[in-house]
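Here the structure comes first, spelled out in structure tokens, and everything after it is commentary.
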Amino acid sequence: MNTANTAKPLVLRLPWGLLVGLLAAVAILLLPEQSDLPVAGQRMLAILAFAVIVWISESVSYEVSAIIIMALMAFLLGSAPKIADPTQLIGTKDALAMGLAGFANSALALVASALFIAAAMTHTGLDKRIALATLSKVGASTHRVLIGATVVTILLSFIVPSATARVACMVPIMMGIIAAFGVDKRSAFAGGIMILVAQATSIWNVGIQTSAAQNLLSVGFMQKLLGESVTWMDWLIAGAPWSLVMSGILYWVVLKVMPPEMDRIEGGKEAVRKALSELGPMTGNERRLLAISLTLLAFWATEGKLHSFDTASTTMVGLALLMMPGIGVMGWKEAQARIPWGTVIVFGVGISLGTAVLSTGAGGWLAKLMVIHLGMEGMSPFWVFAVLGLFLILIHLGFASATALTSAMLPIMIALLQHLGGDIKPLGMSMLLGFVMSFGFLLPINAPQNMVCIATDTFTSKQFLRTGIWLTLAGYLLMLLFAATWWRWLGWI
């Protein structure tokens, strides 16, 4: 009897999303050439379709997808004719340079610096101290605890420039409070707190430019594609009033959808104070970090008013101080283990992707199609915002990352705004559409902070959706109201 092992055939098994993305790219490449679309533009559309499908399906990590996108750009664009001189090829060297162009954008430096500051907050425990100190000031009623959680989220949004980092700080604190209160973690009160933390984080991603990566990506696209941007204070003046009103709506929605089982929790305030006292007095690192953070906040707020230093540059100086021996709060070894380096890679490739979509003519071509099929020619700026805002809210349902959504959609939106011309103000409208990118209210999968909170097992996807429907509807209508009043008065629309 022959007992020799039979060699098994090699089977190539690709994740379905990766396979569908590759098939979609090949299908676009095989389409007949369009008279008003360069070959490089058609190939860029194939790469964009691949990116969107892979990002939506999450078949591979965002970091891996970013590397694949750069490789596709290098060879697909490299073998395409130059737009200015079709008799010559772009070449892989120049095409790869297009894929790496986003890493030379100042917004990338700001994102990297922001991640270091967020890491410093968790390393020193300053974020936890701020959260507990704020909660210790509120009463022990369930209503006041919800208000306190909202206030903490707002405060951290100003000084912790990472939505995921803020929620990662809040979750253990709030879970500790729930346990100290002796409340069942599957109670409406516990679930309501966690849903509020996730949703409030998304709401304040709109109000503060440095609070989320997608905002910084929007700023990067403005600088790259429009040659100008909005200051930190201009963003705050435009977005913070909306976030303040939405915070009140969130509080009301949580109370209505998930009313707490009790009105008051005995010993609640004391539990918070005990946790705060266990931290001990502020350390030297915490004091220095707080001083640097507040100084940065002052520089961000006065950009263009008292000085001409841009946000990215001042933040880099703050980062240098945080890392400097004798003055700083952490060394390189402590920092590198806490930094999500993949975010930096995805961010840089995202800017490269969006820039290439426009420079190859693909963005302008897509913009013309959208104008025709959505009947946007001749629309007023208000209705242009209403249509594009609704479009972004609906398409966000398929994305698990606002950064990926911004990378894929905002360059096309900017091309569309430039195509429409007329009374459209591309800079202001780009900022307002950047606000809509943070609408991750409906599904837990629509934002990383949602996933962190649902991992606590305090609420279900159905409960999150019930609050999300009201918040999405209210948020969109409130944006239309602001577009007709506040933002129009400010001159952005």
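Chain labels follow the order of the structure tokens: the first chain is A, the next B, and so on; residue numbering restarts at 1 in every chain, and ligands are counted from 1 in their shown order.
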
Kindly provide the residues of segment 80-136 of chain A that approach segment 294-315 of chain A to within 7 Å, each paired with its closest atom pair and their distance in Å to one decimal, based on only C-alpha atoms, listed by chain and increasing number, as a Markdown table.
| residue | atom | partner | partner_atom | distance |
| --- | --- | --- | --- | --- |
| A:Ser106 | CA | A:Ala312 | CA | 6.3 |
| A:Ala107 | CA | A:Ala312 | CA | 6.6 |
| A:Ala109 | CA | A:Ala312 | CA | 6.3 |
| A:Leu110 | CA | A:Ala312 | CA | 4.6 |
| A:Ser113 | CA | A:Thr315 | CA | 6.4 |

For the residues in that selection, give me N, CA and C atoms as a PDB file, in the first residue's frame.
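The resulting file, selection.pdb, is shown below:
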ATOM      1  N   SER A 106       1.866  69.235   5.187  1.00  0.00           N
ATOM      2  CA  SER A 106       2.008  69.678   6.576  1.00  0.00           C
ATOM      3  C   SER A 106       0.951  69.073   7.488  1.00  0.00           C
ATOM      4  N   ALA A 107      -0.201  68.712   6.911  1.00  0.00           N
ATOM      5  CA  ALA A 107      -1.256  68.099   7.721  1.00  0.00           C
ATOM      6  C   ALA A 107      -0.802  66.763   8.298  1.00  0.00           C
ATOM      7  N   ALA A 109       2.238  66.078   9.304  1.00  0.00           N
ATOM      8  CA  ALA A 109       3.049  66.409  10.482  1.00  0.00           C
ATOM      9  C   ALA A 109       2.154  66.720  11.672  1.00  0.00           C
ATOM     10  N   LEU A 110       1.032  67.377  11.393  1.00  0.00           N
ATOM     11  CA  LEU A 110       0.091  67.702  12.466  1.00  0.00           C
ATOM     12  C   LEU A 110      -0.548  66.444  13.040  1.00  0.00           C
ATOM     13  N   SER A 113       2.069  64.615  15.154  1.00  0.00           N
ATOM     14  CA  SER A 113       2.271  65.331  16.418  1.00  0.00           C
ATOM     15  C   SER A 113       1.079  65.121  17.348  1.00  0.00           C
TER      16      SER A 113
END

Identify, on the basis of only C-alpha atoms, every residue whose closest approach to Asn446 of chain A does not exceed 12 Å; exclude the query and any residue fewer than 4 positions from it along the same chain; express the result as an NGL selection string.
-> :A and (55-56 or 58 or 198-199 or 202 or 393-405 or 437-442 or 450-452 or 454 or 461 or 464-465 or 468)

Two-atom distance - atom CA of Ala275 of chain A, atom CA of Ile193 of chain A (Å) =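 Interatomic distance here is 18.3 Å.
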
Shortest contact to Ala97 of chain A, candidates A:Leu45, A:Leu322, A:Ala356, A:Val151, atoms counted only C-alpha atoms, goes to A:Ala356

At what distance in Å, to one decimal, does atom CA of Trp242 of chain A lie from atom CA of Phe435 of chain A?
->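 Spanning atom CA of Phe435 of chain A to atom CA of Trp242 of chain A is a straight-line distance of 9.9 Å.
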
Using only C-alpha atoms, which of A:Gly422, A:Gly207, A:Pro161, A:Gly348 sits nearest Gly378 of chain A?
->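 Closest to Gly378 of chain A of all the choices is A:Gly422.
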
Coordinates-based distance that separates atom CA of Met70 of chain A from atom CA of Leu18 of chain A (Å, one decimal) =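 Separation of atom CA of Leu18 of chain A and atom CA of Met70 of chain A: 15.3 Å.
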
Any chance you could list, as a PyMOL selection string, the residues in segment 77-306 of chain A that come up helix (DSSP H, G or I) when DSSP is run on the backbone?
-> chain A and resi 77+92-104+106-124+126-137+142-159+163-181+188-207+209-211+213-226+232-257+268-278+284-301
